[in-house]
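Q: Following this line is work.cif, made up of mmCIF, C-alpha atoms:
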data_model
#
loop_
_atom_site.label_atom_id
_atom_site.label_comp_id
_atom_site.auth_asym_id
_atom_site.auth_seq_id
_atom_site.Cartn_x
_atom_site.Cartn_y
_atom_site.Cartn_z
CA MET A 1 119.10 84.10 84.21
CA SER A 2 119.52 87.83 84.64
CA ILE A 3 117.33 89.81 87.02
CA LYS A 4 115.08 92.18 85.06
CA THR A 5 115.42 95.54 86.77
CA LEU A 6 113.49 98.80 86.57
CA ILE A 7 115.03 102.00 87.99
CA ALA A 8 112.78 104.82 89.16
CA ASP A 9 114.35 108.16 90.10
CA ASP A 10 113.59 111.77 89.18
CA HIS A 11 117.22 112.99 89.26
CA PRO A 12 118.69 112.53 85.74
CA ILE A 13 122.34 112.61 86.82
CA PHE A 14 121.81 109.99 89.54
CA LEU A 15 119.70 107.90 87.18
CA GLU A 16 122.38 107.85 84.48
CA GLY A 17 125.10 107.17 87.05
CA LEU A 18 123.20 104.20 88.44
CA LYS A 19 122.61 102.81 84.95
CA CYS A 20 126.34 103.03 84.25
CA LEU A 21 127.17 101.38 87.56
CA LEU A 22 124.82 98.47 86.89
CA ARG A 23 126.50 97.85 83.52
CA GLN A 24 129.72 96.94 85.30
CA GLU A 25 130.86 93.34 85.57
CA ALA A 26 130.08 93.22 89.31
CA PHE A 27 126.39 93.68 88.46
CA SER A 28 126.27 91.48 85.37
CA PHE A 29 123.45 89.45 86.93
CA LEU A 30 121.15 92.45 86.44
CA GLU A 31 119.46 93.58 83.25
CA VAL A 32 118.13 97.15 83.33
CA VAL A 33 115.01 96.87 81.19
CA ASP A 34 113.77 100.44 81.61
CA VAL A 35 113.76 103.59 83.73
CA ALA A 36 111.04 105.85 85.11
CA THR A 37 111.26 109.46 86.23
CA ASN A 38 108.06 109.70 88.28
CA GLY A 39 105.95 107.42 90.43
CA VAL A 40 103.05 106.99 88.03
CA GLU A 41 105.43 106.01 85.24
CA ALA A 42 107.21 103.56 87.57
CA TYR A 43 103.92 101.93 88.53
CA GLN A 44 102.77 101.65 84.91
CA LYS A 45 106.08 100.22 83.67
CA VAL A 46 106.13 97.60 86.41
CA LYS A 47 102.65 96.50 85.33
CA GLN A 48 103.61 96.50 81.64
CA GLN A 49 107.05 94.87 81.81
CA ASN A 50 106.80 92.69 84.91
CA PRO A 51 110.41 93.17 86.09
CA ASP A 52 111.91 91.12 88.92
CA LEU A 53 113.37 94.08 90.80
CA LEU A 54 112.42 97.72 91.31
CA LEU A 55 115.00 100.27 92.47
CA ILE A 56 113.01 103.32 93.54
CA ASP A 57 113.52 106.66 95.26
CA MET A 58 111.34 107.65 98.21
CA ASN A 59 110.48 111.15 96.99
CA MET A 60 109.06 110.96 93.46
CA PRO A 61 106.82 113.35 91.46
CA GLU A 62 103.14 112.48 90.87
CA MET A 63 103.26 109.43 93.17
CA ASP A 64 105.88 108.89 95.86
CA GLY A 65 107.87 105.69 96.28
CA PRO A 66 105.92 104.21 99.22
CA GLU A 67 102.61 104.76 97.41
CA VAL A 68 103.95 102.95 94.33
CA ILE A 69 105.09 100.06 96.50
CA LYS A 70 101.82 99.96 98.43
CA ARG A 71 99.75 99.76 95.24
CA LEU A 72 101.90 97.01 93.78
CA ARG A 73 101.69 94.97 96.99
CA LYS A 74 97.93 95.47 97.26
CA GLU A 75 97.54 94.07 93.75
CA GLY A 76 99.75 91.10 94.57
CA THR A 77 102.51 92.08 92.14
CA GLU A 78 105.48 89.81 92.82
CA ILE A 79 108.49 92.09 92.62
CA GLN A 80 111.37 92.80 94.97
CA VAL A 81 111.74 96.45 95.91
CA LEU A 82 114.94 98.20 96.94
CA VAL A 83 114.51 101.79 98.09
CA LEU A 84 117.42 104.12 97.32
CA SER A 85 117.05 107.34 99.28
CA MET A 86 118.87 110.40 100.57
CA TYR A 87 116.75 110.28 103.74
CA ASP A 88 117.77 108.35 106.84
CA GLN A 89 114.94 109.47 109.14
CA PRO A 90 113.53 106.38 110.90
CA ARG A 91 109.98 107.59 110.25
CA LEU A 92 110.57 107.42 106.50
CA VAL A 93 112.35 104.08 106.75
CA ARG A 94 109.36 102.66 108.62
CA THR A 95 107.03 104.10 105.98
CA ALA A 96 108.95 102.31 103.23
CA PHE A 97 108.93 98.93 104.95
CA LYS A 98 105.32 99.29 106.02
CA ALA A 99 104.44 99.87 102.36
CA GLY A 100 106.22 96.63 101.46
CA ALA A 101 109.85 97.45 100.63
CA ASP A 102 112.38 94.62 100.86
CA ALA A 103 115.49 96.76 101.30
CA TYR A 104 116.43 100.36 102.10
CA LEU A 105 119.79 101.85 101.15
CA LEU A 106 121.16 105.38 101.45
CA LYS A 107 122.36 107.01 98.24
CA ASN A 108 125.57 108.28 99.80
CA LYS A 109 126.98 104.80 100.37
CA ALA A 110 129.61 103.02 98.28
CA PRO A 111 128.62 100.74 95.37
CA GLY A 112 129.79 97.76 97.42
CA GLU A 113 126.85 98.16 99.74
CA LEU A 114 124.44 98.07 96.82
CA LYS A 115 126.01 94.75 95.88
CA LYS A 116 125.43 93.50 99.44
CA ALA A 117 121.81 94.60 99.32
CA LEU A 118 121.23 92.84 96.01
CA SER A 119 122.89 89.68 97.30
CA ALA A 120 120.58 89.73 100.32
CA LEU A 121 117.53 90.11 98.08
CA GLN A 122 118.66 87.15 95.97
CA LYS A 123 118.50 85.12 99.18
CA LYS A 124 115.00 86.50 99.89
CA GLU A 125 116.35 88.43 102.89
CA THR A 126 115.42 91.91 104.07
CA TYR A 127 118.26 94.43 103.92
CA PHE A 128 118.89 97.55 105.98
CA GLY A 129 121.72 99.69 104.63
CA ASN A 130 124.48 101.11 106.78
CA GLY A 131 123.01 104.03 108.73
CA VAL A 132 119.41 102.88 108.26
CA PHE A 133 117.35 102.41 111.43
CA LEU A 134 113.69 102.01 112.25
CA ASN A 135 113.84 104.06 115.44
CA GLU A 136 115.71 107.01 116.91
CA THR A 137 117.21 104.87 119.64
CA GLY A 138 119.04 102.79 117.09
CA ARG A 139 120.14 105.95 115.30
CA ARG A 140 121.55 107.75 118.34
CA LYS A 141 122.75 105.17 120.82
CA ARG A 142 122.84 101.55 121.83
CA PHE A 143 119.71 99.69 122.77
CA LYS A 144 118.24 100.35 126.23
CA ALA A 145 116.45 97.74 128.33
CA ALA A 146 113.34 96.33 126.71
CA ASP A 147 111.08 97.26 129.64
CA ALA A 148 109.76 100.43 127.93
CA SER A 149 108.69 98.52 124.84
CA TYR A 150 107.17 95.83 127.02
CA GLU A 151 105.06 98.38 128.89
CA ARG A 152 103.90 100.22 125.74
CA SER A 153 101.91 97.29 124.50
CA ASP A 154 101.16 95.02 127.44
CA GLN A 155 97.95 93.64 125.97
CA TYR A 156 99.55 92.65 122.65
CA VAL A 157 102.64 91.24 124.34
CA ASN A 158 100.59 89.16 126.76
CA GLN A 159 98.27 87.96 124.01
CA HIS A 160 101.19 86.63 121.97
CA LEU A 161 103.20 85.42 124.97
CA LEU A 162 106.30 87.44 124.06
CA THR A 163 109.08 87.28 126.64
CA LYS A 164 111.34 90.14 127.68
CA ARG A 165 114.25 88.42 125.94
CA GLU A 166 112.24 88.17 122.72
CA LEU A 167 111.40 91.87 122.96
CA GLU A 168 115.09 92.65 123.44
CA ILE A 169 115.94 90.69 120.32
CA LEU A 170 113.06 92.23 118.39
CA ASN A 171 114.36 95.73 119.09
CA LEU A 172 117.87 94.74 118.04
CA ILE A 173 116.50 93.23 114.81
CA ALA A 174 114.91 96.65 114.23
CA GLU A 175 118.40 98.16 114.44
CA ALA A 176 119.33 95.97 111.45
CA LEU A 177 121.75 93.84 113.47
CA SER A 178 122.58 90.32 112.33
CA ASN A 179 122.10 87.26 114.53
CA LYS A 180 125.82 87.26 115.23
CA GLU A 181 125.84 90.94 116.22
CA ILE A 182 122.79 90.48 118.45
CA GLY A 183 124.44 87.47 120.09
CA LYS A 184 127.53 89.52 120.91
CA ARG A 185 125.41 92.34 122.31
CA LEU A 186 123.43 89.96 124.57
CA PHE A 187 126.27 87.51 125.29
CA ILE A 188 124.46 84.57 123.73
CA SER A 189 125.20 82.46 120.67
CA ASP A 190 123.93 83.43 117.23
CA GLN A 191 122.20 80.05 117.07
CA THR A 192 120.22 80.98 120.19
CA VAL A 193 119.32 84.30 118.57
CA GLY A 194 118.12 82.39 115.51
CA VAL A 195 115.86 80.22 117.65
CA HIS A 196 114.41 83.30 119.35
CA ARG A 197 113.87 84.98 115.96
CA LYS A 198 111.93 81.95 114.68
CA ASN A 199 109.86 81.82 117.85
CA ILE A 200 108.98 85.52 117.57
CA MET A 201 107.92 85.08 113.94
CA ARG A 202 105.80 82.06 114.86
CA LYS A 203 104.10 83.91 117.72
CA LEU A 204 103.36 86.97 115.58
CA GLY A 205 102.21 84.89 112.61
CA VAL A 206 104.74 86.24 110.09
CA THR A 207 107.12 84.45 107.76
CA ASN A 208 109.91 86.95 107.07
CA THR A 209 111.79 89.85 108.62
CA ALA A 210 109.80 92.49 106.74
CA GLY A 211 106.55 91.10 108.15
CA LEU A 212 108.09 90.89 111.61
CA ILE A 213 109.14 94.54 111.53
CA LYS A 214 105.76 95.67 110.24
CA ALA A 215 103.93 93.79 113.02
CA ALA A 216 106.31 95.17 115.64
CA HIS A 217 105.85 98.72 114.35
CA ASP A 218 102.07 98.44 114.08
CA HIS A 219 101.81 97.37 117.73
CA ALA A 220 104.41 99.81 119.16
CA LEU A 221 106.89 97.10 120.05
CA ILE A 222 109.77 99.08 118.54
#
Would you encode the structure as structure tokens?
A:
Amino acid sequence: MSIKTLIADDHPIFLEGLKCLLRQEAFSFLEVVDVATNGVEAYQKVKQQNPDLLLIDMNMPEMDGPEVIKRLRKEGTEIQVLVLSMYDQPRLVRTAFKAGADAYLLKNKAPGELKKALSALQKKETYFGNGVFLNETGRRKRFKAADASYERSDQYVNQHLLTKRELEILNLIAEALSNKEIGKRLFISDQTVGVHRKNIMRKLGVTNTAGLIKAAHDHALI
């Protein structure tokens, strides 16, 4: 079955280019059912047509992308959301994921990365595009020791029994690194990273990476 897709973007040239791209054989698993050129229209068409996937820009007229996502999530609308944006500022990336986005991809990347993002969503995984980070540390340089994060939220950390190693891994997850990449950075196996990731999710009471990142952001752990 094809994935019913709605595209929301207020730039006509980009919108038409994306429609043409998604008609190619590499994206044959998608069916573009409609487009929207502002946030209100995007919200209404999602409610009317019940698509499986929403590709949406951050900055939209009448209602911005995060507000559209937030309203859909609040109403319990089951749709996967991939944000396509020109903006790589961590503050905006955090805003998108806090609203309920499943993936964030920069518009200046090659079509191959869009295919990777869509493949991740098919597996119910969260996707951070190349160059997308949740914090300035990840954007500018490699991760520093987790002590600062540990001190910023002592009460929350102690309440949930998070270890320094788990905080290290949590910050590296926020840099959109895979288990394998985190393992190389910390000189441990990716299987060990996977165990830590599951333990962190269990302790914070979340079931997926998006929920993990939201909880970490809300409590100043990243």
Q: Evaluate the PyMOL selection byres ((chain A and resi 99-106) around 8) here and jot the selected residues down as JSON, numbers by chain.
A: {"A": [66, 67, 69, 70, 73, 80, 81, 82, 83, 84, 85, 86, 87, 88, 93, 95, 96, 97, 98, 107, 108, 109, 114, 117, 121, 125, 126, 127, 128, 129, 130, 131, 132, 210]}
Q: Would you work out the distance separating atom CA of Asp52 of chain A from atom CA of Leu30 of chain A, expressed in Å to one decimal?
A: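 Pair atom CA of Asp52 of chain A / atom CA of Leu30 of chain A returns 9.7 Å.
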Q: What's the 7 Å shell around Val35 of chain A, counting all atoms listed in the file, without same-chain residues fewer than 5 positions away, as an MDAnalysis selection string?
A: chainID A and resid 6:8
Q: State, in Å with one decimal place, the distance from atom CA of Glu175 of chain A to atom CA of Lys116 of chain A.
A: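 That distance, rounded to one decimal, is 17.2 Å.
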Q: Report, in Å to a single decimal, how far apart atom CA of Leu134 of chain A and atom CA of Arg94 of chain A are.
A: 5.7 Å
Q: Counting only C-alpha atoms, figure out which residue out of A:Phe133, A:Glu25, A:Ala176, A:Gln44 gets nearest to Gln89 of chain A.
A: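 Closest to Gln89 of chain A of all the choices is A:Phe133.
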Q: I need the output of the PyMOL selection byres ((chain A and resi 39) around 8) for this file as a PyMOL selection string; which residues are they?
A: chain A and resi 8+36-38+40-43+60-65+68
Q: Taking into account only C-alpha atoms, which residue in the set A:Ile213, A:Ala110, A:Leu204, A:Ile169 is nearest to Asn135 of chain A?
A: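 Residue with the minimum atom-to-atom distance to Asn135 of chain A: A:Ile213.
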Q: With only C-alpha atoms as the atoms that count, which of A:Leu15, A:Lys115, A:Leu172, A:Gly211 lies nearest to Ile56 of chain A?
A: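 For Ile56 of chain A, the nearest of the candidates is A:Leu15.
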Q: Check the smallest atom-to-atom distance from each of A:Glu75, A:Arg197, A:Ser2, A:Phe187 to Asn171 of chain A using all atoms listed in the file, then report the winner.
A: A:Arg197
Q: Which neighbours of segment 178-184 of chain A fall inside 6 Å, counting only C-alpha atoms, when residues of the same chain fewer than 5 positions from it are skipped, and could you give them as a VMD selection string?
A: chain A and resid 189 to 190 193
Q: Taking all atoms listed in the file into account, which of A:Gly112, A:Pro51, A:Val206, A:Thr77 comes nearest Leu21 of chain A?
A: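 Selected residue with least distance to Leu21 of chain A: A:Gly112.
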Q: For Gln122 of chain A, which of A:Ile79, A:Asn50, A:Leu161, A:Arg23 is the closest residue, counting all atoms listed in the file?
A: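 Ranked by minimum distance to Gln122 of chain A, first place goes to A:Ile79.
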Q: For the point (109.7, 86.0, 119.7) in the file's frame, write as a PyMOL selection string all residues with an atom no more than 8 Å away, counting all atoms listed in the file.
A: chain A and resi 162-163+166-167+169-170+196-204
Q: Neighbouring residues of Phe29 of chain A were defined as those with any atom within 10 Å, considering all atoms listed in the file; residues of the same chain fewer than 6 positions away were excluded. Please report them as a PyMOL selection string.
A: chain A and resi 1-4+22-23+118
Q: N, CA, C and O atoms are what I want for segment 100-111 of chain A; can you complete it accordingly and write them as a compact mmCIF listing (two decimals), keeping the file's coordinate frame?
A:
# COMPACT_ATOMS: atom_id res chain seq x y z
N GLY A 100 105.88 97.92 102.05
CA GLY A 100 106.22 96.63 101.46
C GLY A 100 107.59 96.54 100.84
O GLY A 100 107.88 95.62 100.07
N ALA A 101 108.49 97.50 101.16
CA ALA A 101 109.85 97.45 100.63
C ALA A 101 110.59 96.24 101.19
O ALA A 101 110.31 95.77 102.30
N ASP A 102 111.56 95.74 100.42
CA ASP A 102 112.38 94.62 100.86
C ASP A 102 113.75 95.07 101.34
O ASP A 102 114.43 94.34 102.06
N ALA A 103 114.17 96.26 100.93
CA ALA A 103 115.49 96.76 101.30
C ALA A 103 115.48 98.29 101.24
O ALA A 103 114.70 98.88 100.49
N TYR A 104 116.35 98.90 102.06
CA TYR A 104 116.43 100.36 102.10
C TYR A 104 117.91 100.71 102.19
O TYR A 104 118.62 100.27 103.10
N LEU A 105 118.37 101.52 101.25
CA LEU A 105 119.79 101.85 101.15
C LEU A 105 119.94 103.35 100.93
O LEU A 105 119.19 103.96 100.16
N LEU A 106 120.91 103.95 101.61
CA LEU A 106 121.16 105.38 101.45
C LEU A 106 122.01 105.64 100.20
O LEU A 106 122.94 104.89 99.91
N LYS A 107 121.68 106.71 99.50
CA LYS A 107 122.36 107.01 98.24
C LYS A 107 123.82 107.40 98.41
O LYS A 107 124.58 107.33 97.44
N ASN A 108 124.20 107.81 99.61
CA ASN A 108 125.57 108.28 99.80
C ASN A 108 126.55 107.17 100.15
O ASN A 108 127.70 107.43 100.52
N LYS A 109 126.11 105.92 100.05
CA LYS A 109 126.98 104.80 100.37
C LYS A 109 127.73 104.31 99.12
O LYS A 109 127.37 104.62 97.99
N ALA A 110 128.78 103.53 99.37
CA ALA A 110 129.61 103.02 98.28
C ALA A 110 128.87 101.94 97.48
O ALA A 110 127.97 101.28 98.00
N PRO A 111 129.26 101.76 96.21
CA PRO A 111 128.62 100.74 95.37
C PRO A 111 128.66 99.34 95.98
O PRO A 111 127.77 98.53 95.73
